[in-house]
Structures are given as C-alpha cells and as structure tokens.
$ cat data.cif   # mmCIF, C-alpha atoms
data_model
#
loop_
_atom_site.label_atom_id
_atom_site.label_comp_id
_atom_site.auth_asym_id
_atom_site.auth_seq_id
_atom_site.Cartn_x
_atom_site.Cartn_y
_atom_site.Cartn_z
CA MET A 1 -118.19 40.03 -64.28
CA SER A 2 -120.31 37.22 -62.79
CA ALA A 3 -124.02 36.90 -63.47
CA THR A 4 -126.49 36.72 -60.62
CA VAL A 5 -128.33 33.42 -60.64
CA VAL A 6 -131.87 33.39 -59.35
CA PRO A 7 -133.02 29.93 -58.30
CA LEU A 8 -135.96 28.71 -60.33
CA PRO A 9 -139.15 27.39 -58.72
CA LEU A 10 -139.52 23.64 -58.66
CA ASN A 11 -141.92 23.54 -61.66
CA PRO A 12 -141.74 27.05 -63.12
CA SER A 13 -143.40 26.28 -66.37
CA SER A 14 -145.73 23.44 -65.46
CA GLU A 15 -148.81 25.72 -65.49
CA THR A 16 -147.76 27.32 -68.79
CA ILE A 17 -147.04 23.94 -70.38
CA ASP A 18 -150.39 22.57 -69.21
CA PHE A 19 -152.16 25.67 -70.59
CA LEU A 20 -150.40 25.36 -73.97
CA ARG A 21 -151.27 21.67 -74.26
CA ARG A 22 -154.90 22.33 -73.42
CA MET A 23 -154.96 25.11 -76.02
CA ALA A 24 -153.34 22.82 -78.60
CA SER A 25 -156.06 20.23 -78.03
CA MET A 26 -158.67 22.91 -78.77
CA VAL A 27 -156.89 24.30 -81.83
CA SER A 28 -156.45 22.16 -84.90
CA GLY A 29 -153.90 22.25 -87.64
CA ARG A 30 -150.63 24.04 -87.68
CA ASN A 31 -151.45 26.30 -84.69
CA GLY A 32 -152.05 23.26 -82.48
CA GLU A 33 -148.72 21.77 -83.55
CA MET A 34 -146.98 25.07 -82.83
CA LEU A 35 -148.52 25.20 -79.37
CA LEU A 36 -147.42 21.60 -78.61
CA ARG A 37 -143.97 22.36 -79.91
CA ALA A 38 -143.81 25.52 -77.75
CA ALA A 39 -144.89 23.49 -74.70
CA SER A 40 -142.23 20.85 -75.47
CA LEU A 41 -139.51 23.50 -75.92
CA ILE A 42 -140.48 25.25 -72.67
CA GLU A 43 -140.33 21.91 -70.86
CA GLN A 44 -136.88 21.14 -72.38
CA PHE A 45 -135.58 24.61 -71.55
CA GLY A 46 -136.86 24.27 -68.00
CA HIS A 47 -134.98 20.98 -67.58
CA ARG A 48 -131.87 22.56 -69.07
CA ALA A 49 -132.17 25.60 -66.82
CA MET A 50 -132.45 23.36 -63.71
CA SER A 51 -129.47 21.28 -64.90
CA ALA A 52 -127.49 24.46 -65.54
CA GLU A 53 -128.38 25.76 -62.07
CA ARG A 54 -127.32 22.47 -60.44
CA LEU A 55 -124.11 22.52 -62.47
CA TYR A 56 -123.54 26.14 -61.47
CA HIS A 57 -123.98 25.31 -57.76
CA GLN A 58 -121.64 22.33 -58.10
CA THR A 59 -119.10 24.49 -59.92
CA GLN A 60 -119.45 27.21 -57.28
CA GLU A 61 -118.91 24.68 -54.45
CA GLU A 62 -115.92 23.21 -56.27
CA SER A 63 -114.55 26.71 -56.82
CA MET A 64 -114.95 27.48 -53.10
CA ARG A 65 -113.22 24.20 -52.19
CA SER A 66 -110.50 24.97 -54.72
CA THR A 67 -110.06 28.44 -53.21
CA GLU A 68 -109.84 26.97 -49.70
CA LEU A 69 -107.33 24.39 -50.90
CA ARG A 70 -105.31 27.08 -52.67
CA VAL A 71 -105.24 29.22 -49.50
CA ALA A 72 -104.23 26.17 -47.43
CA ALA A 73 -101.55 25.31 -50.02
CA GLU A 74 -100.23 28.89 -49.92
CA LEU A 75 -100.07 28.79 -46.11
CA ALA A 76 -98.31 25.42 -46.22
CA SER A 77 -95.95 26.74 -48.90
CA ASP A 78 -95.16 29.83 -46.79
CA ALA A 79 -94.52 27.58 -43.78
CA MET A 80 -92.25 25.33 -45.88
CA VAL A 81 -90.35 28.35 -47.21
CA GLY A 82 -89.85 29.53 -43.60
CA GLN A 83 -88.62 26.10 -42.56
CA ILE A 84 -86.28 25.93 -45.56
CA GLU A 85 -84.84 29.34 -44.68
CA ALA A 86 -84.39 28.25 -41.04
CA LEU A 87 -82.66 25.04 -42.20
CA ARG A 88 -80.42 27.03 -44.55
CA SER A 89 -79.48 29.31 -41.66
CA GLN A 90 -78.74 26.33 -39.42
CA LEU A 91 -76.73 24.69 -42.19
CA ALA A 92 -74.70 27.89 -42.65
CA GLU A 93 -74.02 28.02 -38.88
CA VAL A 94 -73.03 24.34 -38.77
CA THR A 95 -70.81 24.77 -41.84
CA ALA A 96 -69.11 27.82 -40.29
CA ALA A 97 -68.60 25.97 -36.99
CA ALA A 98 -67.21 22.93 -38.83
CA ALA A 99 -64.83 25.16 -40.81
CA ALA A 100 -63.65 26.83 -37.59
CA GLU A 101 -63.15 23.46 -35.92
CA ARG A 102 -61.27 22.19 -38.99
CA ALA A 103 -59.02 25.26 -38.97
CA ALA A 104 -58.35 24.80 -35.23
CA PHE A 105 -57.66 21.10 -35.81
CA ASP A 106 -55.27 21.87 -38.67
CA ALA A 107 -53.46 24.48 -36.55
CA GLU A 108 -53.17 22.07 -33.61
CA ARG A 109 -52.04 19.29 -35.95
CA THR A 110 -49.36 21.55 -37.46
CA LYS A 111 -48.22 22.53 -33.96
CA LEU A 112 -48.08 18.89 -32.84
CA LEU A 113 -46.17 17.89 -35.99
CA GLY A 114 -43.65 20.66 -35.26
CA LEU A 115 -43.31 19.50 -31.65
CA MET A 116 -42.93 15.90 -32.80
CA GLN A 117 -40.22 16.85 -35.30
CA HIS A 118 -38.45 18.91 -32.64
CA ALA A 119 -38.72 15.98 -30.20
CA GLU A 120 -37.37 13.55 -32.82
CA SER A 121 -34.46 15.92 -33.49
CA HIS A 122 -33.84 16.29 -29.75
CA ILE A 123 -34.03 12.52 -29.27
CA GLY A 124 -31.50 12.11 -32.09
CA LYS A 125 -29.12 14.56 -30.40
CA LEU A 126 -29.60 12.87 -27.03
CA THR A 127 -29.02 9.45 -28.60
CA SER A 128 -25.79 10.72 -30.15
CA GLU A 129 -24.69 12.20 -26.80
CA LEU A 130 -25.62 8.97 -25.01
CA ASP A 131 -23.63 6.92 -27.52
CA ALA A 132 -20.66 9.26 -27.03
CA LEU A 133 -20.99 8.96 -23.23
CA ARG A 134 -21.22 5.17 -23.48
CA ALA A 135 -18.12 5.10 -25.62
CA SER A 136 -16.37 7.37 -23.11
CA VAL A 137 -17.50 5.22 -20.17
CA ASP A 138 -16.47 2.07 -22.00
CA SER A 139 -13.00 3.48 -22.67
CA PHE A 140 -12.80 4.69 -19.04
CA ASN A 141 -13.93 1.29 -17.74
CA GLU A 142 -11.09 -0.31 -19.68
CA THR A 143 -8.58 1.61 -17.49
CA ILE A 144 -10.38 1.03 -14.15
CA VAL A 145 -10.11 -2.00 -11.92
CA SER A 146 -12.81 -2.67 -9.37
CA VAL A 147 -11.36 -3.30 -5.91
CA PRO A 148 -13.27 -4.01 -2.68
CA ILE A 149 -12.95 -1.30 0.03
CA GLU A 150 -11.48 -3.73 2.53
CA VAL A 151 -8.65 -4.48 0.10
CA LEU A 152 -8.01 -0.72 -0.27
CA ARG A 153 -7.91 -0.29 3.53
CA LEU A 154 -5.54 -3.21 3.80
CA ALA A 155 -3.34 -1.68 1.09
CA ARG A 156 -3.47 1.67 2.95
CA THR A 157 -2.23 -0.08 6.11
CA GLN A 158 0.56 -1.72 4.15
CA PHE A 159 1.64 1.66 2.67
CA ASP A 160 1.77 3.09 6.23
CA TYR A 161 3.85 0.10 7.38
CA LEU A 162 6.23 0.41 4.39
CA SER A 163 6.52 4.19 4.85
CA SER A 164 7.55 3.82 8.52
CA GLY A 165 9.97 0.98 7.62
CA PHE A 166 11.61 3.12 4.91
CA ALA A 167 11.78 6.04 7.34
CA ARG A 168 13.68 3.91 9.89
CA SER A 169 16.09 2.70 7.26
CA GLY A 170 16.59 6.22 5.91
CA ASP A 171 15.25 5.46 2.40
CA VAL A 172 13.53 8.79 1.83
CA ILE A 173 12.54 8.11 -1.79
CA SER A 174 10.82 4.82 -0.99
CA GLN A 175 9.21 6.45 2.03
CA ALA A 176 7.81 9.28 -0.19
CA MET A 177 6.50 6.78 -2.75
CA SER A 178 4.77 4.78 0.00
CA GLU A 179 3.16 7.95 1.39
CA ILE A 180 1.97 8.97 -2.13
CA GLY A 181 0.41 5.50 -2.58
CA GLY A 182 -1.35 5.81 0.79
CA PHE A 183 -2.56 9.34 -0.12
CA ALA A 184 -4.02 8.05 -3.43
CA ILE A 185 -5.90 5.31 -1.55
CA ASP A 186 -7.23 7.96 0.93
CA GLN A 187 -8.55 10.01 -1.98
CA ALA A 188 -10.29 6.98 -3.51
CA LEU A 189 -11.92 6.13 -0.15
CA THR A 190 -13.02 9.77 0.38
CA ALA A 191 -14.54 9.90 -3.13
CA LYS A 192 -16.42 6.66 -2.43
CA LYS A 193 -17.87 8.03 0.85
CA THR A 194 -18.99 11.24 -0.94
CA ALA A 195 -20.65 9.23 -3.73
CA ASP A 196 -22.44 6.99 -1.20
CA LYS A 197 -23.82 10.05 0.66
CA GLY A 198 -25.05 11.66 -2.56
#
$ encode --input "data.cif" --output "structure tokens"
Amino acid sequence: MSATVVPLPLNPSSETIDFLRRMASMVSGRNGEMLLRAASLIEQFGHRAMSAERLYHQTQEESMRSTELRVAAELASDAMVGQIEALRSQLAEVTAAAAAERAAFDAERTKLLGLMQHAESHIGKLTSELDALRASVDSFNETIVSVPIEVLRLARTQFDYLSSGFARSGDVISQAMSEIGGFAIDQALTAKKTADKG
C-alpha cells in the first residue's frame, strides 16, 4: 500500500524556526537551549523531508520509465517470439520440401542407375552379337571373291557361247553344265540389282 505524499511548501517551518529562535533569545538557561535545539531539529527535518520528497519524485519517475521500458521490452519480446515461431514454421516447410526433393532425387537416381545397368547389359549383348556377326562375315568373306559386273556379263556370254557349241556337238552334259553356270551368273546379277535398288 503506497503512502500519499503531499508536497511541502518551499519554507514550511521558516516562521516556526524564526519564532523559536526569537523565544530562545528571550529565555535564558536550559529552556533557551531547548528552544534553539528544537529550531535546529525542525530545520534539519525540513531539509530531510524536502530531500526525501525529491528522492521520492525521482524514484517515481524512474519507476515510470522502468514500467514503460518493461512494457516496451514485453512488446518487443512478444514480437520476437512471433518472428521465431514464423521462422520455425518456414524452416519446417523448407525442411519438408528439401526432404521431398531428396526423396524424388533418390528415386530418379535409382531409376537412372537401373536404366544405365540395363543399357550396359544390352550393350554387352549387342557387342557379343556384333562380334559374332563380324566373325561370321569374316568367315563368309574368306569364301567370296569380288568380281566386277562387266566380268560377270562377259562370263555369262561365254557360258551361252559354250552351251550352244556343246549343243551343236551333241555334248549334253557339257551343255547342261554351261547353262547351270550361266544361270548362277544370272542369279548373282539379279541379286546385285535388287541390293542396289534397296
């Protein structure tokens, strides 16, 4: 419970002190000393009362400033708590988004690794098949002789000439062999024309 402070007049006891000092000058002995002492005590108490009042006002102003600062600090603290909560919420959202992106990245990476392994396996199979085909082509090329088309046409003409000569002489077997040779050359020329068109 706070006490009510009534401001004191500027010189509350100056008249009383003057009166007591005048009385002390008129009274001798111990009574005069008592009056002077009473005047001195009243003067001291008056100074103390004014000092106490000034101190009270200073303390009251400081208390008001302290209260204002405390209210401002509480408002700032509430604002900081709100900002911290907002930042925590944003951090949680960013963390969740990063986790989702990481999971998607890991899934895509796993998928790509699987595709890469499948492709490597497929490339291995194709390489094996290509090596087998090369070996087959190499062995086939060993049995093939490259001949210009004009030479084949000339050979075809010669088989026709031989076939008709053997027919005139009555050599049926040689005639048949000449016709088979000419037929084989016809097939080779037909296959070449088909390959050139394709």
$ closest_residue --input "data.cif" --among "A:Met80, A:Val147, A:Leu75, A:Ala49" --to "Ala188 of chain A" --atoms "only C-alpha atoms"
A:Val147
$ resolve_selection --input "data.cif" --expression "the PyMOL selection byres ((chain A and resi 21) around 10)" --output "short mmCIF file (atom, residue, chain, number, x, y, z; two decimals) with C-alpha atoms, in the coordinates of the input"
data_model
loop_
_atom_site.label_atom_id
_atom_site.label_comp_id
_atom_site.auth_asym_id
_atom_site.auth_seq_id
_atom_site.Cartn_x
_atom_site.Cartn_y
_atom_site.Cartn_z
CA GLU A 15 -148.81 25.72 -65.49
CA THR A 16 -147.76 27.32 -68.79
CA ILE A 17 -147.04 23.94 -70.38
CA ASP A 18 -150.39 22.57 -69.21
CA PHE A 19 -152.16 25.67 -70.59
CA LEU A 20 -150.40 25.36 -73.97
CA ARG A 22 -154.90 22.33 -73.42
CA MET A 23 -154.96 25.11 -76.02
CA ALA A 24 -153.34 22.82 -78.60
CA SER A 25 -156.06 20.23 -78.03
CA MET A 26 -158.67 22.91 -78.77
CA VAL A 27 -156.89 24.30 -81.83
CA GLY A 32 -152.05 23.26 -82.48
CA GLU A 33 -148.72 21.77 -83.55
CA LEU A 35 -148.52 25.20 -79.37
CA LEU A 36 -147.42 21.60 -78.61
CA ARG A 37 -143.97 22.36 -79.91
CA ALA A 38 -143.81 25.52 -77.75
CA ALA A 39 -144.89 23.49 -74.70
CA SER A 40 -142.23 20.85 -75.47
#
$ atom_distance --input "data.cif" --atom1 "atom CA of Ile149 of chain A" --atom2 "atom CA of Ser174 of chain A"
24.6 Å
$ closest_residue --input "data.cif" --among "A:Lys193, A:Arg134, A:Arg88, A:Arg156" --to "Gly181 of chain A" --atoms "only C-alpha atoms"
A:Arg156
$ atom_distance --input "data.cif" --atom1 "atom CA of Ser128 of chain A" --atom2 "atom CA of Ala195 of chain A"
27.0 Å
$ atom_distance --input "data.cif" --atom1 "atom CA of Ser66 of chain A" --atom2 "atom CA of Val81 of chain A"
21.8 Å
$ residues_near_point --input "data.cif" --point "(-10.6, 6.9, -2.0)" --cutoff "12 Å" --atoms "all atoms listed in the file" --output "ChimeraX atom specification"
/A:147-153,155-156,181-196
$ build_atoms --input "data.cif" --residues "segment 81-104 of chain A" --atoms "N, CA and C atoms" --output "mmCIF file, in the coordinates of the input"
data_model
loop_
_atom_site.group_PDB
_atom_site.id
_atom_site.type_symbol
_atom_site.label_atom_id
_atom_site.label_comp_id
_atom_site.auth_asym_id
_atom_site.auth_seq_id
_atom_site.Cartn_x
_atom_site.Cartn_y
_atom_site.Cartn_z
ATOM 1 N N VAL A 81 -91.405 27.398 -46.859
ATOM 2 C CA VAL A 81 -90.350 28.350 -47.210
ATOM 3 C C VAL A 81 -89.652 28.834 -45.941
ATOM 4 N N GLY A 82 -90.444 29.112 -44.876
ATOM 5 C CA GLY A 82 -89.850 29.530 -43.600
ATOM 6 C C GLY A 82 -88.957 28.444 -43.017
ATOM 7 N N GLN A 83 -89.428 27.206 -43.082
ATOM 8 C CA GLN A 83 -88.620 26.100 -42.560
ATOM 9 C C GLN A 83 -87.343 25.923 -43.377
ATOM 10 N N ILE A 84 -87.466 26.075 -44.705
ATOM 11 C CA ILE A 84 -86.280 25.930 -45.560
ATOM 12 C C ILE A 84 -85.264 27.024 -45.230
ATOM 13 N N GLU A 85 -85.749 28.244 -45.020
ATOM 14 C CA GLU A 85 -84.840 29.340 -44.680
ATOM 15 C C GLU A 85 -84.164 29.073 -43.322
ATOM 16 N N ALA A 86 -84.955 28.571 -42.350
ATOM 17 C CA ALA A 86 -84.390 28.250 -41.040
ATOM 18 C C ALA A 86 -83.333 27.149 -41.168
ATOM 19 N N LEU A 87 -83.630 26.130 -41.991
ATOM 20 C CA LEU A 87 -82.660 25.040 -42.200
ATOM 21 C C LEU A 87 -81.408 25.548 -42.905
ATOM 22 N N ARG A 88 -81.595 26.461 -43.868
ATOM 23 C CA ARG A 88 -80.420 27.030 -44.550
ATOM 24 C C ARG A 88 -79.553 27.804 -43.556
ATOM 25 N N SER A 89 -80.218 28.556 -42.678
ATOM 26 C CA SER A 89 -79.480 29.310 -41.660
ATOM 27 C C SER A 89 -78.727 28.377 -40.734
ATOM 28 N N GLN A 90 -79.405 27.302 -40.292
ATOM 29 C CA GLN A 90 -78.740 26.330 -39.420
ATOM 30 C C GLN A 90 -77.576 25.658 -40.139
ATOM 31 N N LEU A 91 -77.789 25.323 -41.415
ATOM 32 C CA LEU A 91 -76.730 24.690 -42.190
ATOM 33 C C LEU A 91 -75.524 25.620 -42.320
ATOM 34 N N ALA A 92 -75.802 26.916 -42.547
ATOM 35 C CA ALA A 92 -74.700 27.890 -42.650
ATOM 36 C C ALA A 92 -73.937 27.967 -41.330
ATOM 37 N N GLU A 93 -74.678 27.967 -40.193
ATOM 38 C CA GLU A 93 -74.020 28.020 -38.880
ATOM 39 C C GLU A 93 -73.182 26.769 -38.649
ATOM 40 N N VAL A 94 -73.762 25.604 -38.975
ATOM 41 C CA VAL A 94 -73.030 24.340 -38.770
ATOM 42 C C VAL A 94 -71.796 24.299 -39.668
ATOM 43 N N THR A 95 -71.947 24.768 -40.926
ATOM 44 C CA THR A 95 -70.810 24.770 -41.840
ATOM 45 C C THR A 95 -69.708 25.696 -41.334
ATOM 46 N N ALA A 96 -70.103 26.881 -40.831
ATOM 47 C CA ALA A 96 -69.110 27.820 -40.290
ATOM 48 C C ALA A 96 -68.414 27.219 -39.075
ATOM 49 N N ALA A 97 -69.200 26.587 -38.182
ATOM 50 C CA ALA A 97 -68.600 25.970 -36.990
ATOM 51 C C ALA A 97 -67.658 24.836 -37.385
ATOM 52 N N ALA A 98 -68.070 24.029 -38.375
ATOM 53 C CA ALA A 98 -67.210 22.930 -38.830
ATOM 54 C C ALA A 98 -65.921 23.467 -39.447
ATOM 55 N N ALA A 99 -66.031 24.566 -40.210
ATOM 56 C CA ALA A 99 -64.830 25.160 -40.810
ATOM 57 C C ALA A 99 -63.894 25.687 -39.734
ATOM 58 N N ALA A 100 -64.481 26.321 -38.693
ATOM 59 C CA ALA A 100 -63.650 26.830 -37.590
ATOM 60 C C ALA A 100 -62.972 25.685 -36.856
ATOM 61 N N GLU A 101 -63.729 24.614 -36.593
ATOM 62 C CA GLU A 101 -63.150 23.460 -35.920
ATOM 63 C C GLU A 101 -62.052 22.826 -36.778
ATOM 64 N N ARG A 102 -62.276 22.767 -38.086
ATOM 65 C CA ARG A 102 -61.270 22.190 -38.990
ATOM 66 C C ARG A 102 -60.010 23.037 -38.970
ATOM 67 N N ALA A 103 -60.181 24.371 -38.996
ATOM 68 C CA ALA A 103 -59.020 25.260 -38.970
ATOM 69 C C ALA A 103 -58.253 25.090 -37.657
ATOM 70 N N ALA A 104 -58.996 25.008 -36.530
ATOM 71 C CA ALA A 104 -58.350 24.800 -35.230
ATOM 72 C C ALA A 104 -57.626 23.460 -35.204
#
